[in-house]
$ cat coords.cif   # mmCIF, C-alpha atoms and all ligand atoms
data_upload
loop_
_atom_site.label_atom_id
_atom_site.label_comp_id
_atom_site.auth_asym_id
_atom_site.auth_seq_id
_atom_site.Cartn_x
_atom_site.Cartn_y
_atom_site.Cartn_z
CA MET A 667 106.73 106.11 52.67
CA LEU A 668 103.91 107.89 50.89
CA THR A 669 103.32 107.13 47.21
CA LYS A 670 103.17 109.77 44.48
CA SER A 671 99.40 109.47 44.45
CA ASP A 672 99.28 110.02 48.23
CA VAL A 673 101.27 113.23 47.77
CA ALA A 674 99.00 114.30 44.89
CA LEU A 675 95.96 113.61 47.09
CA TYR A 676 97.45 115.73 49.92
CA ARG A 677 98.00 118.62 47.51
CA GLN A 678 94.53 118.26 46.08
CA GLN A 679 92.48 117.88 49.31
CA GLY A 680 94.82 119.38 51.94
CA PHE A 681 95.09 116.31 54.14
CA LEU A 682 95.79 112.62 54.24
CA PRO A 683 93.67 110.36 56.45
CA ALA A 684 95.00 107.71 58.85
CA ARG A 685 97.99 105.65 57.79
CA ARG A 686 99.84 103.26 60.06
CA HIS A 687 103.32 104.52 60.96
CA LEU A 688 103.87 102.94 64.41
CA SER A 689 102.96 99.47 65.61
CA ALA A 690 100.12 99.18 68.12
CA GLU A 691 102.72 97.96 70.67
CA ASP A 692 104.95 101.02 70.17
CA ALA A 693 101.91 103.29 70.40
CA ALA A 694 100.92 101.62 73.70
CA VAL A 695 104.39 102.32 75.17
CA LEU A 696 104.19 105.96 74.02
CA ARG A 697 100.68 106.27 75.44
CA ARG A 698 101.90 105.12 78.86
CA ASP A 699 104.83 107.55 78.70
CA CYS A 700 102.55 110.38 77.59
CA ILE A 701 100.05 109.76 80.39
CA ARG A 702 102.91 109.51 82.93
CA THR A 703 104.44 112.84 81.87
CA CYS A 704 101.51 114.84 80.47
CA GLY A 705 98.47 113.20 82.10
CA VAL A 706 98.50 115.80 84.86
CA GLU A 707 98.56 119.34 83.53
CA ASN A 708 101.37 121.68 84.53
CA ARG A 709 99.43 124.84 83.83
CA ASP A 710 99.80 128.55 84.30
CA PRO A 711 96.17 129.53 85.10
CA ALA A 712 96.49 132.42 82.63
CA ARG A 713 96.93 129.97 79.74
CA ARG A 714 94.53 127.39 78.38
CA GLN A 715 97.26 124.90 77.53
CA ALA A 716 99.58 123.20 80.00
CA SER A 717 103.28 123.79 79.41
CA ASN A 718 104.07 120.07 79.63
CA ARG A 719 101.64 119.52 76.73
CA VAL A 720 103.42 122.04 74.51
CA LYS A 721 106.75 121.16 72.83
CA PRO A 722 107.13 118.07 75.06
CA PHE A 723 109.97 116.89 72.77
CA LEU A 724 112.25 119.33 74.62
CA LEU A 725 111.35 117.82 78.02
CA PHE A 726 110.78 114.09 77.60
CA ARG A 727 112.73 111.42 75.75
CA TRP A 728 109.61 109.61 74.49
CA ALA A 729 108.47 112.79 72.71
CA ALA A 730 111.99 113.53 71.42
CA GLY A 731 111.98 110.06 69.83
CA LEU A 732 108.48 110.49 68.42
CA VAL A 733 109.18 113.72 66.51
CA ARG A 734 112.24 111.94 64.99
CA HIS A 735 110.38 108.73 64.15
CA ARG A 736 111.76 107.47 60.86
CA ALA A 737 108.51 106.41 59.22
CA ILE A 738 106.81 109.70 60.14
CA LEU A 739 109.78 111.68 58.79
CA ASP A 740 109.75 109.64 55.56
CA SER A 741 106.14 110.71 54.99
CA VAL A 742 106.81 114.31 55.98
CA GLU A 743 109.79 114.39 53.59
CA ALA A 744 107.52 113.29 50.75
CA LEU A 745 105.24 116.24 51.54
CA ILE A 746 107.69 119.10 52.32
CA GLY A 747 111.15 117.98 51.24
CA PRO A 748 114.30 116.64 52.93
CA ASP A 749 115.37 119.46 55.28
CA ILE A 750 112.88 119.27 58.14
CA LEU A 751 112.43 121.26 61.36
CA VAL A 752 109.92 120.70 64.15
CA PHE A 753 108.41 124.14 64.76
CA HIS A 754 105.82 123.20 67.36
CA THR A 755 104.02 120.27 69.00
CA THR A 756 100.85 120.00 71.04
CA VAL A 757 99.60 117.05 73.09
CA TRP A 758 95.87 117.05 72.39
CA PHE A 759 94.71 115.29 75.53
CA LYS A 760 90.94 114.93 76.01
CA GLU A 761 90.12 113.14 79.24
CA ALA A 762 87.24 110.61 79.31
CA GLY A 763 83.97 112.53 79.27
CA SER A 764 85.73 115.84 78.67
CA PRO A 765 83.57 118.65 77.25
CA LYS A 766 86.67 120.23 75.68
CA SER A 767 86.54 120.87 71.96
CA VAL A 768 88.31 122.69 69.15
CA PRO A 769 86.36 125.00 66.80
CA TRP A 770 86.90 125.30 63.06
CA HIS A 771 90.33 126.85 62.51
CA GLN A 772 93.41 126.95 60.32
CA ASP A 773 96.75 126.26 62.07
CA ALA A 774 98.41 128.99 59.96
CA THR A 775 96.44 131.58 61.94
CA TYR A 776 98.65 131.23 65.00
CA PHE A 777 102.10 130.48 63.74
CA GLY A 778 103.23 133.44 61.63
CA LEU A 779 105.12 131.30 59.13
CA ASP A 780 106.09 132.25 55.59
CA PRO A 781 105.70 130.56 53.15
CA LEU A 782 102.79 128.43 54.35
CA ASP A 783 104.50 125.09 53.77
CA HIS A 784 103.83 123.77 57.26
CA VAL A 785 102.29 120.30 57.70
CA THR A 786 100.89 118.82 60.91
CA ALA A 787 101.35 115.11 61.56
CA TRP A 788 98.63 114.04 64.02
CA VAL A 789 99.77 110.87 65.77
CA ALA A 790 97.08 108.81 67.51
CA LEU A 791 98.16 107.27 70.82
CA THR A 792 94.62 106.08 71.63
CA PRO A 793 91.63 105.30 69.41
CA SER A 794 90.08 108.49 68.10
CA THR A 795 86.47 108.05 67.01
CA GLU A 796 83.62 110.46 66.38
CA ALA A 797 82.24 109.75 69.90
CA MET A 798 85.68 110.49 71.38
CA GLY A 799 86.00 113.82 69.55
CA CYS A 800 88.20 112.89 66.62
CA VAL A 801 89.53 115.57 64.28
CA ARG A 802 87.05 116.54 61.56
CA ILE A 803 88.40 118.20 58.42
CA LEU A 804 86.99 120.06 55.43
CA PRO A 805 88.46 118.67 52.19
CA CYS A 806 90.06 121.24 49.84
CA SER A 807 89.64 124.08 52.37
CA HIS A 808 93.43 124.72 52.20
CA ARG A 809 92.72 126.47 48.89
CA ARG A 810 90.67 129.18 50.58
CA ASP A 811 93.72 131.16 51.71
CA GLN A 812 94.05 132.57 55.24
CA LEU A 813 90.60 133.24 56.74
CA PRO A 814 89.79 135.69 59.55
CA HIS A 815 89.34 134.13 63.01
CA ALA A 816 87.30 135.51 65.94
CA ASP A 817 88.07 134.91 69.63
CA ASN A 818 85.64 132.88 71.72
CA PRO A 819 85.95 133.10 75.53
CA ASP A 820 84.40 129.65 76.17
CA PRO A 821 86.90 127.96 78.55
CA ASP A 822 86.09 124.53 77.10
CA ILE A 823 87.69 125.52 73.81
CA MET A 824 91.20 124.10 73.74
CA LEU A 825 92.69 126.81 71.50
CA SER A 826 94.45 129.66 73.29
CA ARG A 827 91.79 132.33 72.69
CA GLY A 828 89.08 130.07 71.33
CA GLN A 829 89.96 131.23 67.83
CA THR A 830 87.18 130.29 65.45
CA ALA A 831 87.28 130.69 61.70
CA VAL A 832 84.80 133.24 60.38
CA ALA A 833 83.80 131.37 57.27
CA ASP A 834 80.98 129.70 55.49
CA ILE A 835 81.37 126.01 56.38
CA ASP A 836 78.93 123.27 55.45
CA GLU A 837 79.31 120.45 58.02
CA ARG A 838 78.01 117.99 55.45
CA ASP A 839 81.19 118.46 53.42
CA ALA A 840 83.48 117.59 56.37
CA VAL A 841 84.99 114.17 57.08
CA ASN A 842 86.02 112.51 60.35
CA LEU A 843 89.63 111.39 60.75
CA ILE A 844 88.98 108.16 62.61
CA MET A 845 92.24 106.77 63.94
CA ALA A 846 93.67 103.72 65.66
CA PRO A 847 96.71 103.93 67.98
CA GLY A 848 99.89 104.19 65.91
CA GLU A 849 98.15 105.72 62.89
CA VAL A 850 99.07 109.19 61.64
CA SER A 851 97.08 111.72 59.60
CA PHE A 852 98.58 114.79 57.90
CA HIS A 853 96.97 118.18 57.35
CA HIS A 854 98.06 121.34 55.57
CA THR A 855 98.40 124.53 57.63
CA LEU A 856 95.42 126.14 55.84
CA ALA A 857 93.12 123.10 56.07
CA LEU A 858 90.02 123.91 58.15
CA HIS A 859 89.49 121.39 60.96
CA ARG A 860 87.80 121.05 64.33
CA SER A 861 87.03 118.40 66.94
CA GLY A 862 84.18 117.74 69.40
CA PRO A 863 84.02 116.68 73.06
CA ASN A 864 85.13 113.24 74.24
CA LYS A 865 81.91 111.39 75.08
CA GLY A 866 83.81 108.14 75.58
CA ASP A 867 84.94 106.53 78.84
CA ALA A 868 88.67 106.58 78.03
CA PRO A 869 91.06 109.43 77.17
CA ARG A 870 91.57 110.47 73.55
CA ILE A 871 95.20 111.43 72.98
CA GLY A 872 96.80 112.70 69.79
CA ILE A 873 100.12 114.47 69.30
CA GLY A 874 100.06 117.24 66.68
CA ILE A 875 103.61 117.69 65.37
CA SER A 876 104.16 120.82 63.24
CA TYR A 877 106.87 120.21 60.65
CA ILE A 878 108.30 122.88 58.35
CA PRO A 879 110.96 122.83 55.62
CA ALA A 880 114.12 124.75 56.61
CA HIS A 881 113.41 127.56 54.11
CA VAL A 882 110.28 128.63 56.04
CA ARG A 883 110.78 131.66 58.29
CA HIS A 884 108.85 133.16 61.17
CA VAL A 885 107.64 136.68 60.33
CA GLY A 886 107.59 138.10 63.88
CA GLU A 887 110.30 140.19 65.51
CA THR A 888 111.21 137.61 68.15
CA ARG A 889 113.76 135.07 67.02
CA LEU A 890 112.25 131.64 67.68
CA SER A 891 113.86 128.26 68.11
CA ALA A 892 113.13 124.99 66.31
CA THR A 893 114.54 121.47 66.13
CA LEU A 894 116.23 120.08 63.02
CA VAL A 895 115.12 116.45 62.72
CA ARG A 896 116.29 115.55 59.19
CA GLY A 897 118.60 116.96 56.53
CA VAL A 898 120.49 120.24 56.72
CA ASP A 899 119.43 123.73 57.79
CA ARG A 900 121.07 126.03 55.19
CA HIS A 901 118.87 128.98 56.15
CA GLY A 902 119.31 129.51 59.91
CA HIS A 903 115.92 131.14 60.41
CA PHE A 904 115.63 129.55 63.88
CA ASP A 905 117.99 128.94 66.77
CA PRO A 906 118.68 125.23 67.22
CA GLU A 907 117.15 123.42 70.19
CA PRO A 908 118.89 120.67 72.17
CA ALA A 909 117.38 117.19 72.47
CA PRO A 910 116.65 116.40 76.16
CA ASP A 911 119.53 114.64 77.93
CA GLY A 912 116.99 112.88 80.18
CA ASP A 913 113.44 113.41 81.34
CA GLN A 914 112.96 116.89 82.76
CA THR A 915 116.62 117.41 83.59
CA ASP A 916 117.64 120.94 84.54
CA ALA A 917 119.05 121.48 81.03
CA ALA A 918 115.87 120.17 79.38
CA ILE A 919 113.62 122.33 81.57
CA ALA A 920 115.75 125.39 80.77
CA ALA A 921 115.67 124.73 77.00
CA HIS A 922 111.91 124.13 77.09
CA ARG A 923 111.27 127.29 79.09
CA ASP A 924 113.43 129.34 76.74
CA SER A 925 111.63 128.02 73.66
CA LEU A 926 108.15 128.62 75.10
CA GLU A 927 109.03 132.10 76.40
CA ARG A 928 110.21 133.12 72.94
CA PHE A 929 107.05 131.70 71.42
CA TRP A 930 104.89 133.64 73.87
CA ARG A 931 106.94 136.79 73.38
CA ALA A 932 106.35 136.49 69.65
CA SER A 933 102.73 137.25 70.43
CA THR A 934 103.63 140.92 70.76
CA SER A 935 104.31 141.15 67.03
CA ILE A 936 101.71 138.66 65.81
CA PRO A 937 98.34 139.44 67.43
CA GLU A 938 96.95 136.01 66.54
CA MET A 939 99.65 134.42 68.70
CA ALA A 940 98.70 136.31 71.87
CA GLN A 941 98.53 132.99 73.68
CA ILE A 942 99.81 129.61 72.79
CA HIS A 943 97.89 127.51 70.25
O1 LIG A 1001 93.26 116.97 68.41
C1 LIG A 1001 92.37 117.82 68.30
O2 LIG A 1001 91.26 117.64 68.79
C2 LIG A 1001 92.64 119.09 67.56
C3 LIG A 1001 93.87 118.98 66.73
C4 LIG A 1001 94.25 120.23 66.02
O3 LIG A 1001 93.56 121.23 66.02
C5 LIG A 1001 95.52 120.25 65.29
O4 LIG A 1001 96.23 119.25 65.27
O5 LIG A 1001 95.83 121.30 64.70
#
$ encode --input "coords.cif" --output "structure tokens"
Amino acid sequence: MLTKSDVALYRQQGFLPARRHLSAEDAAVLRRDCIRTCGVENRDPARRQASNRVKPFLLFRWAAGLVRHRAILDSVEALIGPDILVFHTTVWFKEAGSPKSVPWHQDATYFGLDPLDHVTAWVALTPSTEAMGCVRILPCSHRRDQLPHADNPDPDIMLSRGQTAVADIDERDAVNLIMAPGEVSFHHTLALHRSGPNKGDAPRIGIGISYIPAHVRHVGETRLSATLVRGVDRHGHFDPEPAPDGDQTDAAIAAHRDSLERFWRASTSIPEMAQIH
């Protein structure tokens, strides 16, 4: 559980660096499961992100367990309160030697949430070092409000349209979030962050879990779905999602497809969401 000073630090700088939440052994089991189920992309060529790497908690039991992990939820509760939904999740999988990178951006740009109380828990399943393209974050940038983002067609950018913050950023002010397997960092939805290519000889895998308090709504016209993982949803802003009854069962595949189709459809009312983040 985070301390009061951890929470104060998160509010002040917009992120919390690595803290152990899972044992190295548990992280190794999750890493194997993640590579088994998400190691090979299941990708629509029109999209930059593979569908099995988006909202995997609707498809695979290992991911369903991870987004409900007690220690992670205890920390998230300290940051956003007791009624917690998972809005989104991305498997950030950078193969060994991959040139793929993520430009400076704010997560809030793509999600259309109001108020901006969303926090991302980034769970390391492998080491994540500067050479492997760890996340790099700009302290206190969450106080800058929503910044404009420009598209970048470079196919090696992992974001859906290569969205890049149009902002004055001094690299010297940024810090690397160096992680060991089983550690978790937290960042605010407005915190500017990026990551470089993986120059290492092993994959770099992190799972970015987007948690919101139940009072947060989606501002688009499409009604989206989300998963309640702690507390009570007294607001009903999202349709509930079922936990998978097995790995990639027919029911799980149908629920996952429904959730992603709604998310993609939402792009018609929120231009920034034109493709999946
Ligand atoms: O894992 C990465 O390289 C990027 C992560 C990211 O952009 C995020 O979690 O929002």
$ residues_near_point --input "coords.cif" --point "(110.5, 123.1, 80.6)" --cutoff "8 Å" --atoms "all atoms listed in the file" --output "list in words"
Ser717, Asn718, Leu724, Leu725, Gln914, Ala918, Ile919, Ala920, Ala921, His922, Arg923 and Asp924 of chain A
$ closest_atom_pairs --input "coords.cif" --of "region 776-837 of chain A" --to "region 684-693 of chain A" --cutoff "8 Å" --atoms "all atoms listed in the file" --output "tab-separated table"
residue	atom	partner	partner_atom	distance
A:Ala790	CA	A:Ala693	CA	7.9
A:Leu791	CA	A:Ala693	CA	5.5
A:Thr792	CA	A:Ala693	CA	7.9
$ residues_around --input "coords.cif" --residues "Thr775 (chain A)" --least-positions-apart "4" --cutoff "9 Å" --atoms "only C-alpha atoms" --output "ChimeraX atom specification"
/A:771,812-815,829,855-856,938-939
$ residues_near_ligand --input "coords.cif" --ligand "ligand LIG 1001 (chain A)" --cutoff "9 Å" --atoms "all atoms listed in the file" --output "ChimeraX atom specification"
/A:755-760,766-773,786-788,799-802,824-825,852-853,855,859-863,870-876,943
$ residues_around --input "coords.cif" --residues "Leu675 (chain A)" --least-positions-apart "5" --cutoff "12 Å" --atoms "only C-alpha atoms" --output "PyMOL selection string"
chain A and resi 668-670+680-683+745+805-806+852-854
$ atom_distance --input "coords.cif" --atom1 "CA of Glu837 (chain A)" --atom2 "CA of Asp817 (chain A)"
20.5 Å
$ residues_near_point --input "coords.cif" --point "(111.7, 119.5, 66.3)" --cutoff "8 Å" --atoms "only C-alpha atoms" --output "PyMOL selection string"
chain A and resi 723+730+733-734+751-754+877+892-895+907
$ axis_aligned_box --input "coords.cif" --around "region 879-891 of chain A" --padding-each-side "5 Å" --output "AutoDock Vina command-line options"
--center_x 110.9 --center_y 131.5 --center_z 61.1 --size_x 16.5 --size_y 27.4 --size_z 24.0
$ closest_residue --input "coords.cif" --among "A:Ala762, A:Val850, A:Val742, A:Gly828" --to "Met667 (chain A)" --atoms "all atoms listed in the file"
A:Val742
$ atom_distance --input "coords.cif" --atom1 "CA of Pro748 (chain A)" --atom2 "CA of Ser851 (chain A)"
19.1 Å
$ closest_residue --input "coords.cif" --among "A:Ala831, A:Ala880, A:Ile701, A:Leu696" --to "Ala774 (chain A)" --atoms "all atoms listed in the file"
A:Ala831
$ closest_residue --input "coords.cif" --among "A:Ile844, A:Leu782, A:Val720, A:Ile803" --to "Glu927 (chain A)" --atoms "only C-alpha atoms"
A:Val720
$ closest_residue --input "coords.cif" --among "A:Cys700, A:Lys865, A:Phe777, A:Arg889" --to "Arg727 (chain A)" --atoms "only C-alpha atoms"
A:Cys700
$ closest_residue --input "coords.cif" --among "A:Lys721, A:Arg896, A:His901, A:His881" --to "His735 (chain A)" --atoms "only C-alpha atoms"
A:Arg896
$ atom_distance --input "coords.cif" --atom1 "CA of Glu887 (chain A)" --atom2 "CA of Ile750 (chain A)"
22.3 Å
$ closest_residue --input "coords.cif" --among "A:Asp913, A:Asp867, A:Asp749, A:Asp710" --to "Gly897 (chain A)" --atoms "all atoms listed in the file"
A:Asp749
